Every structure is written in structure tokens, then in C-alpha cells.
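Content type compact mmCIF, C-alpha atoms, from the file structure35.txt:
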```txt
# COMPACT_ATOMS: atom_id res chain seq x y z
CA MET A 1 -6.97 -4.67 21.96
CA ASP A 2 -4.99 -7.35 20.16
CA ILE A 3 -3.62 -6.25 16.78
CA THR A 4 -2.39 -8.66 14.11
CA LEU A 5 -0.40 -7.15 11.24
CA THR A 6 0.07 -9.28 8.16
CA ASP A 7 0.25 -8.79 4.41
CA ARG A 8 -1.35 -12.16 3.71
CA VAL A 9 -5.08 -12.76 3.44
CA ILE A 10 -6.26 -14.67 6.48
CA ASP A 11 -9.52 -16.40 7.36
CA LEU A 12 -11.03 -13.98 9.86
CA VAL A 13 -13.32 -16.57 11.44
CA ASP A 14 -10.58 -19.20 11.90
CA GLU A 15 -8.18 -16.60 13.33
CA GLY A 16 -10.81 -15.08 15.65
CA ILE A 17 -10.51 -11.61 14.09
CA ASP A 18 -13.39 -9.18 14.73
CA ILE A 19 -12.35 -6.31 12.44
CA ALA A 20 -10.06 -6.21 9.41
CA PHE A 21 -8.76 -3.75 6.86
CA ARG A 22 -8.60 -5.15 3.34
CA ILE A 23 -7.44 -3.66 0.07
CA GLY A 24 -9.03 -4.34 -3.31
CA GLU A 25 -12.02 -6.45 -4.23
CA LEU A 26 -14.12 -8.07 -1.51
CA ASN A 27 -15.08 -11.72 -1.81
CA ASP A 28 -16.80 -12.46 1.51
CA SER A 29 -20.45 -11.41 1.73
CA SER A 30 -20.82 -12.63 5.34
CA MET A 31 -19.17 -9.41 6.51
CA ILE A 32 -20.10 -5.77 6.33
CA GLY A 33 -17.63 -3.83 4.20
CA ARG A 34 -17.35 -0.06 4.69
CA PRO A 35 -15.25 1.86 2.16
CA LEU A 36 -12.38 3.93 3.52
CA MET A 37 -9.81 6.09 1.77
CA PRO A 38 -8.38 4.99 -1.57
CA TYR A 39 -5.08 3.11 -1.57
CA ARG A 40 -2.75 5.35 -3.57
CA MET A 41 0.74 4.32 -4.52
CA ALA A 42 3.96 6.31 -4.99
CA VAL A 43 7.31 5.45 -6.56
CA CYS A 44 10.21 6.79 -4.47
CA ALA A 45 13.94 6.60 -3.90
CA SER A 46 16.32 8.23 -1.46
CA PRO A 47 18.38 11.24 -2.53
CA ASP A 48 21.54 9.14 -1.96
CA TYR A 49 20.32 6.45 -4.37
CA LEU A 50 19.39 9.04 -7.02
CA ASN A 51 22.75 10.82 -6.65
CA LYS A 52 24.59 7.52 -7.08
CA TYR A 53 22.52 5.92 -9.89
CA GLY A 54 20.72 8.87 -11.47
CA THR A 55 17.06 9.85 -11.55
CA PRO A 56 14.96 7.98 -14.11
CA ALA A 57 13.12 10.47 -16.32
CA HIS A 58 10.59 7.93 -17.64
CA PRO A 59 9.16 4.77 -16.04
CA SER A 60 10.70 2.68 -18.86
CA GLU A 61 14.12 3.51 -17.35
CA LEU A 62 13.23 1.58 -14.17
CA ILE A 63 14.49 -1.64 -15.76
CA GLU A 64 17.99 -0.18 -15.46
CA HIS A 65 17.59 0.48 -11.70
CA GLN A 66 17.56 -1.44 -8.46
CA LEU A 67 13.92 -2.13 -7.62
CA LEU A 68 12.70 -3.13 -4.18
CA SER A 69 9.47 -5.10 -3.86
CA LEU A 70 7.05 -6.53 -1.38
CA SER A 71 7.19 -10.32 -1.44
CA THR A 72 3.41 -10.67 -1.79
CA SER A 73 3.55 -8.68 -5.04
CA SER A 74 7.09 -9.39 -6.24
CA ARG A 75 5.93 -11.12 -9.41
CA SER A 76 3.49 -8.35 -10.35
CA PRO A 77 4.70 -5.73 -12.82
CA TRP A 78 4.51 -2.07 -11.91
CA ARG A 79 1.77 -0.49 -14.05
CA MET A 80 1.53 3.24 -14.70
CA SER A 81 -0.31 5.48 -17.11
CA ARG A 82 -0.18 9.08 -18.30
CA GLY A 83 -3.09 10.01 -20.49
CA GLU A 84 -3.26 7.38 -23.24
CA GLU A 85 0.30 6.16 -22.55
CA LYS A 86 0.46 2.98 -20.49
CA ILE A 87 3.54 1.15 -19.32
CA GLU A 88 4.18 -2.11 -17.50
CA ILE A 89 7.55 -2.59 -15.83
CA PRO A 90 8.62 -6.16 -15.04
CA VAL A 91 10.03 -6.21 -11.52
CA GLN A 92 13.32 -8.02 -11.08
CA SER A 93 13.98 -7.01 -7.52
CA LYS A 94 17.35 -6.54 -5.98
CA LEU A 95 15.62 -7.04 -2.64
CA THR A 96 12.25 -8.57 -1.77
CA ILE A 97 10.83 -8.10 1.73
CA ASN A 98 7.57 -9.30 3.28
CA ASN A 99 6.97 -6.13 5.33
CA GLY A 100 6.12 -2.66 4.03
CA GLN A 101 7.91 -0.79 6.83
CA ALA A 102 11.12 -2.78 6.26
CA LEU A 103 10.84 -2.09 2.52
CA ARG A 104 10.45 1.62 3.26
CA MET A 105 13.57 1.55 5.45
CA ALA A 106 15.52 -0.20 2.66
CA ALA A 107 14.54 2.57 0.25
CA ARG A 108 15.47 5.24 2.80
CA SER A 109 18.85 3.54 3.17
CA GLY A 110 19.53 3.96 -0.55
CA LEU A 111 19.13 0.32 -1.58
CA GLY A 112 16.77 1.03 -4.47
CA ILE A 113 13.49 2.36 -5.81
CA VAL A 114 10.25 1.33 -4.16
CA MET A 115 6.55 1.46 -5.02
CA GLN A 116 4.58 1.64 -1.80
CA PRO A 117 1.38 3.24 -0.45
CA GLU A 118 1.49 7.04 -0.21
CA ILE A 119 0.28 6.87 3.37
CA LEU A 120 3.35 4.81 4.30
CA LEU A 121 5.80 7.09 2.44
CA SER A 122 4.23 10.53 2.93
CA GLU A 123 6.25 11.57 6.00
CA ASP A 124 9.50 10.57 4.26
CA MET A 125 8.52 12.48 1.10
CA VAL A 126 7.68 15.62 3.11
CA SER A 127 10.97 15.41 5.05
CA GLY A 128 13.04 14.77 1.91
CA ARG A 129 14.26 11.34 3.05
CA LEU A 130 12.52 9.96 -0.05
CA VAL A 131 11.96 11.66 -3.40
CA ARG A 132 8.78 10.93 -5.33
CA LEU A 133 9.34 9.93 -8.95
CA PHE A 134 6.95 10.20 -11.91
CA GLN A 135 4.47 12.58 -10.29
CA ASP A 136 2.68 13.08 -13.60
CA TRP A 137 2.05 9.33 -13.94
CA HIS A 138 -0.99 7.56 -12.49
CA ILE A 139 -0.84 4.28 -10.60
CA ARG A 140 -4.20 2.53 -10.27
CA GLU A 141 -5.84 3.13 -6.91
CA ARG A 142 -7.52 0.36 -4.99
CA GLN A 143 -10.24 0.63 -2.37
CA VAL A 144 -9.47 0.14 1.32
CA TRP A 145 -12.27 -1.56 3.26
CA LEU A 146 -13.13 -1.88 6.92
CA LEU A 147 -14.68 -5.31 7.45
CA TYR A 148 -16.66 -6.56 10.41
CA PHE A 149 -19.24 -9.23 11.13
CA ARG A 150 -23.00 -8.74 11.14
CA ASP A 151 -23.57 -11.07 14.07
CA LYS A 152 -23.69 -10.75 17.85
CA ARG A 153 -19.97 -10.06 18.30
CA MET A 154 -20.63 -6.29 18.18
CA THR A 155 -19.33 -5.22 21.59
CA PRO A 156 -19.06 -1.54 22.64
CA LYS A 157 -15.28 -1.75 22.10
CA ILE A 158 -15.72 -3.06 18.56
CA ARG A 159 -18.36 -0.41 17.79
CA ALA A 160 -16.02 2.31 19.15
CA PHE A 161 -13.15 1.11 16.97
CA ILE A 162 -15.38 0.96 13.89
CA ASN A 163 -16.62 4.51 14.54
CA PHE A 164 -13.06 5.76 15.11
CA SER A 165 -11.84 4.10 11.88
CA LEU A 166 -14.72 5.50 9.83
CA GLU A 167 -14.12 9.00 11.22
CA LYS A 168 -10.34 8.91 10.75
CA PHE A 169 -10.04 7.07 7.40
CA SER A 170 -13.21 7.82 5.44
CA PRO A 171 -12.75 9.18 1.91
CA GLY A 172 -11.76 12.82 2.03
CA LYS A 173 -10.31 12.57 5.56
CA VAL A 174 -6.79 11.46 4.66
```
Mind converting the file's structure to C-alpha cells?
Amino acid sequence: MDITLTDRVIDLVDEGIDIAFRIGELNDSSMIGRPLMPYRMAVCASPDYLNKYGTPAHPSELIEHQLLSLSTSSRSPWRMSRGEEKIEIPVQSKLTINNGQALRMAARSGLGIVMQPEILLSEDMVSGRLVRLFQDWHIRERQVWLLYFRDKRMTPKIRAFINFSLEKFSPGKV
């Protein structure tokens, strides 16, 4: 198995990729797309950061804090809603990183507040290394897809990985 991890959208044919996980809307109809779990986000900070800078009580207070962002989405505002109330926070990051794990480590180190996928932050939230903020606010979920080709490339190894992924990450499993 050869795994390529990247946050950028790549051409699967040109790169020789047999299976991919994508988030959001699908554009390529030449592939089969199977829905997996939803992509839920969480806003978190370390206890050290919150002790030093205070805990924002409302998302509007984020503009007064050190925000950490993923470089592929650094220009996108953070959008949250609670009932009819909607808010959009412009992100002026103290630190922008092109890797989600590195961004998570920066937040754990007390460098700022991060918005990242729950699945990436869940262990840190359970252990107390990160504190979830704004639990009563909703951040739009996006669909995670498993993509693979319809053609003759379906080897037993590829079929096994597809079956494993569908079993492990189907909606309701995570």
C-alpha cells in the first residue's frame, strides 16, 4: 500500500491514485463516490492558552484572540450559527500551517485557537489537552466521500480497502 497525504486537490488519474477520500462537493462523475461520515468541525484551544488569554464567551470575541489556520483555508472566514443567529469571523491568523496534525500540535502547545475536524481533535478533547469552545454553536458539516474508479483497476486489494473503509467510516460508525 502506498499512501499519499495531501490537503490539496490532485488529479487522481495523473497521480496514479486508485482510491481517494474527498470532503465536500464532488465534481468528477468518472468515479464512484460512496458517502462516509460527516466532516464535523470543532473550535478548540489548550488550557494554557485559555488561562493566559481568557476564554471567549461568544464567537465574536475570536477577533481578539490568536487564531491558527490551515493554509488551504486561511482566507475563509469561520462561520457558525446558533438558532437564527449567524456569525462570520474573519481569520487573521497568527500562524498558518499546511498540515492539520501540525496545526493541532500548535494549538496543544498554546499558540492559539484552532478550528479543525472533530475526528482530528477528539482524543485531545477527551484527555483535556484541548478544550472545546462554543459547544452550543453549529459549524456547517460537509460530506466525506470515498472515491474509486469504475474501470478494470479493481484488484482484490483495492476491493478489500474499499470494504474496510465503508465498514469503519460509514455514517453512524464514527
Residues at most 8 Å from Leu95 (chain A), counting only C-alpha atoms, excluding those fewer than 6 positions away in the same chain, as a list in words?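 Surrounding residues, per the criterion: Leu67, Leu68 and Ser69 of chain A.
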Quick one: everything within 12 Å of Arg82 (chain A), counting only C-alpha atoms, minus sequence neighbours fewer than 2 positions away in the same chain. Send it as a ChimeraX atom specification. /A:58-59,79-80,84-87,134-140
Name the residues, using the chain letters and numbers of the file, that sit within 12 Å of (-13.5, -14.5, 12.5) when counting only C-alpha atoms, and give them as number ranges by chain. A: 10-20, 28, 30-31, 147-151, 153
Scan for residues within 8 Å of the point (13.9, 7.7, -7.4) in the coordinates of the file, using only C-alpha atoms, and reply as a compact mmCIF listing (two decimals) with C-alpha atoms, in the coordinates of the input.
```txt
# COMPACT_ATOMS: atom_id res chain seq x y z
CA VAL A 43 7.31 5.45 -6.56
CA CYS A 44 10.21 6.79 -4.47
CA ALA A 45 13.94 6.60 -3.90
CA SER A 46 16.32 8.23 -1.46
CA PRO A 47 18.38 11.24 -2.53
CA TYR A 49 20.32 6.45 -4.37
CA LEU A 50 19.39 9.04 -7.02
CA THR A 55 17.06 9.85 -11.55
CA PRO A 56 14.96 7.98 -14.11
CA GLY A 112 16.77 1.03 -4.47
CA ILE A 113 13.49 2.36 -5.81
CA LEU A 130 12.52 9.96 -0.05
CA VAL A 131 11.96 11.66 -3.40
CA ARG A 132 8.78 10.93 -5.33
CA LEU A 133 9.34 9.93 -8.95
```
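Considering the residues A:Leu36, A:Leu26, A:Val114, A:Met41 and counting only C-alpha atoms, His65 (chain A) has its shortest atom-to-atom contact with A:Val114.
Here CA of Pro117 (chain A) is placed at a distance of 26.3 Å from CA of Ile158 (chain A).
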Axis-aligned box over every listed atom of region 131-145 of chain A, padded by 5 Å per side: centre and edges in Å to one decimal, as JSON?
```
{"center_x": -0.2, "center_y": 5.8, "center_z": -5.3, "size_x": 34.2, "size_y": 24.6, "size_z": 27.2}
```
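The residue that comes closest to Lys94 (chain A), out of A:Ile32, A:Asp2, A:Ser81, A:Leu70 and on the basis of all atoms listed in the file, is A:Leu70.
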Pick out the residues sitting within 9 Å of Arg104 (chain A), and hand them over as a PyMOL selection string; count all atoms listed in the file, and ignore anything fewer than 6 positions along from it in its own chain. chain A and resi 114+116+120-121
CA of Glu118 (chain A) to CA of Tyr39 (chain A): how many Å, to one decimal?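 So the two atoms, CA of Glu118 (chain A) and CA of Tyr39 (chain A), lie 7.8 Å apart.
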